[in-house]
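Just below is one structure, and these are the notes that go with it.
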Amino acid sequence: MMTKIVKRGYCSNDEIEFGSQWKDRLNRAGEELYYLLNRGYKLNPSSTFIGNHYMLSERQRLALVRMIASKKQLEIRIEKELSPAELPKRVVVDGFNTIISLEVALSDSLIIKGMDGTIRDLAGLRGTYRIIDKTTQAVLLIFQALEELNISEAVFYLDQPVSNSGRLKSLIIEIAKNYNLSIEVEVIYDVDRVLEKMEGVISSDAVILDKCISWFNLNGWITDRYVQQAWVYEMNASLFENKYL
C-alpha cells in the first residue's frame, strides 16, 4: 500500500508572498519591528501595527513575529547558545517543535530562519498533529545528528494535549532501538515550563530560549548538513540590525 505524500506546512501563496516582489517590503517591515522592540514596545501590537501598514498577510505577519527579536533578546540567546563542542552528554528535546519543523523542511515547504539563527515553521497545527510520511525521516535525522554530536542520552518531551502524542512517542522509541543512545520520551502537560528551567535544551521556541539555562540549535545544524535543499526564508538582517541602537 502506497504511503500518502503529505506536504507539511505547505501554502500555495508562499511562493508569491515570500518571493522577490515582497522581499523589500518584508525587510522594511522587519526593520521597523526591530526598531519598536528595541524601544520597549510589545511584540504582538507592534507586529499588528506594522502588518496593517504594509498590508501583510497573516503568514507574513507570523513570519515577522517568529524571525525578529530585540537586541537584548538576541544577546541573551547568543550567550546561552552551545556550540557542538560545548554540548553536554545529556540533552532534552522539545519534541513537537523540533520534529514538525523538520517535517516542513523535508516537505519542501517554507521554513524561516530567525535573527537568532534558529529554524522555525509556519505550520500552525494548534494542537492537532498526525504522523505523516516525513515523520520517520525527521526522527531519523535527529538521531543521526545526536549520534554524530556524541550525545549519549536524550529525553524527548511531548505535549500531552496535542493529538497523537502517544503514537509519536511509540515511533520515537521504536526508531531509537537502532541507535546506541539512551532515550526517554515523556508525554506531559506544559512542556515549555519544564524546558525553560533546564540546560542542554533543543528547541527553537523563543520563550524557552529566553529562559532556559543553555540551548543548542539542532534544527539549524541538521538543515545545514542534511536538508540543504530546504526552502529557507530569512531577512537581510544586515540592513537593519545595527540601526537605531
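Residues are referred to by chain and number: the chain letter is A, B, ... according to the order shown in the C-alpha cells, the number counts from 1 in that chain, and ligands are numbered separately from 1 in the order shown.
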
Surrounding residues of stretch 149-166 of chain A excluding itself and chain neighbours under 5 positions, 7 Å, only C-alpha atoms, as a PyMOL selection string: chain A and resi 84+89-96+127-130+181-191

Grab the residues selected above and save them as a PDB file, in the first residue's frame with N, CA and C atoms.
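Once written, selection_15.pdb looks like this:
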ATOM      1  N   PRO A  84      28.709  22.830  19.189  1.00  0.00           N
ATOM      2  CA  PRO A  84      28.773  21.360  19.248  1.00  0.00           C
ATOM      3  C   PRO A  84      29.781  20.854  20.282  1.00  0.00           C
ATOM      4  N   LYS A  89      26.536  15.599  27.516  1.00  0.00           N
ATOM      5  CA  LYS A  89      26.231  14.255  27.027  1.00  0.00           C
ATOM      6  C   LYS A  89      24.730  13.957  27.070  1.00  0.00           C
ATOM      7  N   ARG A  90      24.007  14.719  27.883  1.00  0.00           N
ATOM      8  CA  ARG A  90      22.561  14.553  28.003  1.00  0.00           C
ATOM      9  C   ARG A  90      21.865  15.812  27.523  1.00  0.00           C
ATOM     10  N   VAL A  91      20.923  15.657  26.593  1.00  0.00           N
ATOM     11  CA  VAL A  91      20.159  16.792  26.096  1.00  0.00           C
ATOM     12  C   VAL A  91      18.674  16.528  26.295  1.00  0.00           C
ATOM     13  N   VAL A  92      17.894  17.611  26.284  1.00  0.00           N
ATOM     14  CA  VAL A  92      16.442  17.495  26.389  1.00  0.00           C
ATOM     15  C   VAL A  92      15.844  18.131  25.138  1.00  0.00           C
ATOM     16  N   VAL A  93      14.898  17.441  24.528  1.00  0.00           N
ATOM     17  CA  VAL A  93      14.400  17.813  23.201  1.00  0.00           C
ATOM     18  C   VAL A  93      12.941  18.235  23.271  1.00  0.00           C
ATOM     19  N   ASP A  94      12.668  19.414  22.744  1.00  0.00           N
ATOM     20  CA  ASP A  94      11.294  19.899  22.568  1.00  0.00           C
ATOM     21  C   ASP A  94      10.734  19.153  21.351  1.00  0.00           C
ATOM     22  N   GLY A  95      10.054  18.037  21.615  1.00  0.00           N
ATOM     23  CA  GLY A  95       9.742  17.063  20.574  1.00  0.00           C
ATOM     24  C   GLY A  95       8.956  17.585  19.392  1.00  0.00           C
ATOM     25  N   PHE A  96       7.746  18.088  19.628  1.00  0.00           N
ATOM     26  CA  PHE A  96       6.927  18.562  18.514  1.00  0.00           C
ATOM     27  C   PHE A  96       7.581  19.748  17.814  1.00  0.00           C
ATOM     28  N   GLY A 127      -2.241  22.315  18.125  1.00  0.00           N
ATOM     29  CA  GLY A 127      -2.661  21.195  18.961  1.00  0.00           C
ATOM     30  C   GLY A 127      -3.140  19.972  18.202  1.00  0.00           C
ATOM     31  N   THR A 128      -3.269  20.081  16.882  1.00  0.00           N
ATOM     32  CA  THR A 128      -3.670  18.923  16.081  1.00  0.00           C
ATOM     33  C   THR A 128      -2.459  18.416  15.310  1.00  0.00           C
ATOM     34  N   TYR A 129      -2.124  17.167  15.517  1.00  0.00           N
ATOM     35  CA  TYR A 129      -0.942  16.593  14.877  1.00  0.00           C
ATOM     36  C   TYR A 129      -1.239  15.160  14.472  1.00  0.00           C
ATOM     37  N   ARG A 130      -0.718  14.782  13.314  1.00  0.00           N
ATOM     38  CA  ARG A 130      -0.775  13.381  12.911  1.00  0.00           C
ATOM     39  C   ARG A 130       0.541  13.017  12.241  1.00  0.00           C
ATOM     40  N   LEU A 181      21.990   5.033  21.781  1.00  0.00           N
ATOM     41  CA  LEU A 181      21.659   6.185  22.602  1.00  0.00           C
ATOM     42  C   LEU A 181      20.668   5.761  23.675  1.00  0.00           C
ATOM     43  N   SER A 182      20.782   6.365  24.832  1.00  0.00           N
ATOM     44  CA  SER A 182      19.796   6.159  25.884  1.00  0.00           C
ATOM     45  C   SER A 182      18.678   7.185  25.681  1.00  0.00           C
ATOM     46  N   ILE A 183      17.468   6.688  25.415  1.00  0.00           N
ATOM     47  CA  ILE A 183      16.351   7.565  25.051  1.00  0.00           C
ATOM     48  C   ILE A 183      15.197   7.412  26.027  1.00  0.00           C
ATOM     49  N   GLU A 184      14.653   8.549  26.428  1.00  0.00           N
ATOM     50  CA  GLU A 184      13.399   8.571  27.173  1.00  0.00           C
ATOM     51  C   GLU A 184      12.435   9.489  26.442  1.00  0.00           C
ATOM     52  N   VAL A 185      11.157   9.179  26.512  1.00  0.00           N
ATOM     53  CA  VAL A 185      10.124  10.038  25.934  1.00  0.00           C
ATOM     54  C   VAL A 185       9.075  10.310  26.997  1.00  0.00           C
ATOM     55  N   GLU A 186       8.925  11.565  27.346  1.00  0.00           N
ATOM     56  CA  GLU A 186       7.968  11.966  28.364  1.00  0.00           C
ATOM     57  C   GLU A 186       6.813  12.729  27.702  1.00  0.00           C
ATOM     58  N   VAL A 187       5.598  12.274  27.934  1.00  0.00           N
ATOM     59  CA  VAL A 187       4.405  12.971  27.443  1.00  0.00           C
ATOM     60  C   VAL A 187       3.793  13.697  28.632  1.00  0.00           C
ATOM     61  N   ILE A 188       3.887  15.013  28.629  1.00  0.00           N
ATOM     62  CA  ILE A 188       3.499  15.796  29.805  1.00  0.00           C
ATOM     63  C   ILE A 188       2.716  17.040  29.394  1.00  0.00           C
ATOM     64  N   TYR A 189       2.071  17.638  30.362  1.00  0.00           N
ATOM     65  CA  TYR A 189       1.451  18.939  30.168  1.00  0.00           C
ATOM     66  C   TYR A 189       2.513  20.029  30.339  1.00  0.00           C
ATOM     67  N   ASP A 190       2.374  21.094  29.586  1.00  0.00           N
ATOM     68  CA  ASP A 190       3.205  22.297  29.745  1.00  0.00           C
ATOM     69  C   ASP A 190       4.700  22.007  29.590  1.00  0.00           C
ATOM     70  N   VAL A 191       5.057  21.524  28.420  1.00  0.00           N
ATOM     71  CA  VAL A 191       6.463  21.239  28.107  1.00  0.00           C
ATOM     72  C   VAL A 191       7.322  22.498  28.240  1.00  0.00           C
TER      73      VAL A 191
END

Please extract the residues of stretch 94-153 of chain A with a backbone DSSP assignment of alpha helix (DSSP H) and present them as a PyMOL selection string. chain A and resi 95-106+135-148

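Distances to A:Ser109 were evaluated for A:Leu62, A:Leu122, A:Ile175, A:Ser83 using only C-alpha atoms, and the minimum falls at A:Leu122.
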
Residues of stretch 50-154 of chain A within 10 Å of stretch 217-221 of chain A: nearest atom pair and distance (Å, one decimal) for each, counting only C-alpha atoms, sorted by chain and number, as a Markdown table?
| residue | atom | partner | partner_atom | distance |
| --- | --- | --- | --- | --- |
| A:Glu81 | CA | A:Asn217 | CA | 7.5 |
| A:Leu82 | CA | A:Asn217 | CA | 7.9 |
| A:Ser83 | CA | A:Asn217 | CA | 8.6 |
| A:Pro84 | CA | A:Trp221 | CA | 9.3 |
| A:Val93 | CA | A:Leu218 | CA | 9.4 |
| A:Asn97 | CA | A:Asn219 | CA | 9.7 |
| A:Thr98 | CA | A:Asn219 | CA | 6.7 |
| A:Ile99 | CA | A:Asn219 | CA | 8.8 |
| A:Ser101 | CA | A:Asn219 | CA | 7.7 |
| A:Leu102 | CA | A:Asn219 | CA | 7.1 |
| A:Ala105 | CA | A:Asn219 | CA | 9.8 |
| A:Lys113 | CA | A:Gly220 | CA | 8.4 |
| A:Asp116 | CA | A:Asn217 | CA | 9.4 |
| A:Gly117 | CA | A:Gly220 | CA | 7.1 |
| A:Thr118 | CA | A:Gly220 | CA | 5.8 |
| A:Ile119 | CA | A:Gly220 | CA | 5.7 |
| A:Arg120 | CA | A:Asn219 | CA | 8.6 |
| A:Leu141 | CA | A:Asn219 | CA | 9.6 |
| A:Ile142 | CA | A:Leu218 | CA | 8.1 |
| A:Ala145 | CA | A:Leu218 | CA | 7.9 |
| A:Leu146 | CA | A:Leu218 | CA | 8.7 |
| A:Leu149 | CA | A:Leu218 | CA | 9.9 |

Which residues in stretch 18-201 of chain A does DSSP call strand (DSSP E)? List them as JSON, numbers by chain. {"A": [90, 91, 92, 93, 94, 110, 111, 112, 113, 119, 120, 121, 153, 154, 155, 156, 157, 158, 159, 182, 183, 184, 185, 186, 187, 188, 201]}

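Using only C-alpha atoms for every distance, the candidate list A:Asn38, A:Ser204, A:Asn52, A:Gln21 yields A:Asn38 as the residue closest to A:Lys71.
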
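Between atom CA of A:Arg8 and atom CA of A:Ser107 the interatomic distance comes to 5.9 Å.
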
A:Lys72 environment, 12 Å, only C-alpha atoms, sequence neighbours closer than 3 positions dropped, as a PyMOL selection string: chain A and resi 34+37-40+68-69+75-79+116+210+241+245

Separation of atom CA of A:Arg193 from atom CA of A:Arg66, in Å and rounded to one decimal: 19.3 Å

Quick one, how far is atom CA of A:Ala230 from atom CA of A:Phe143? 19.1 Å
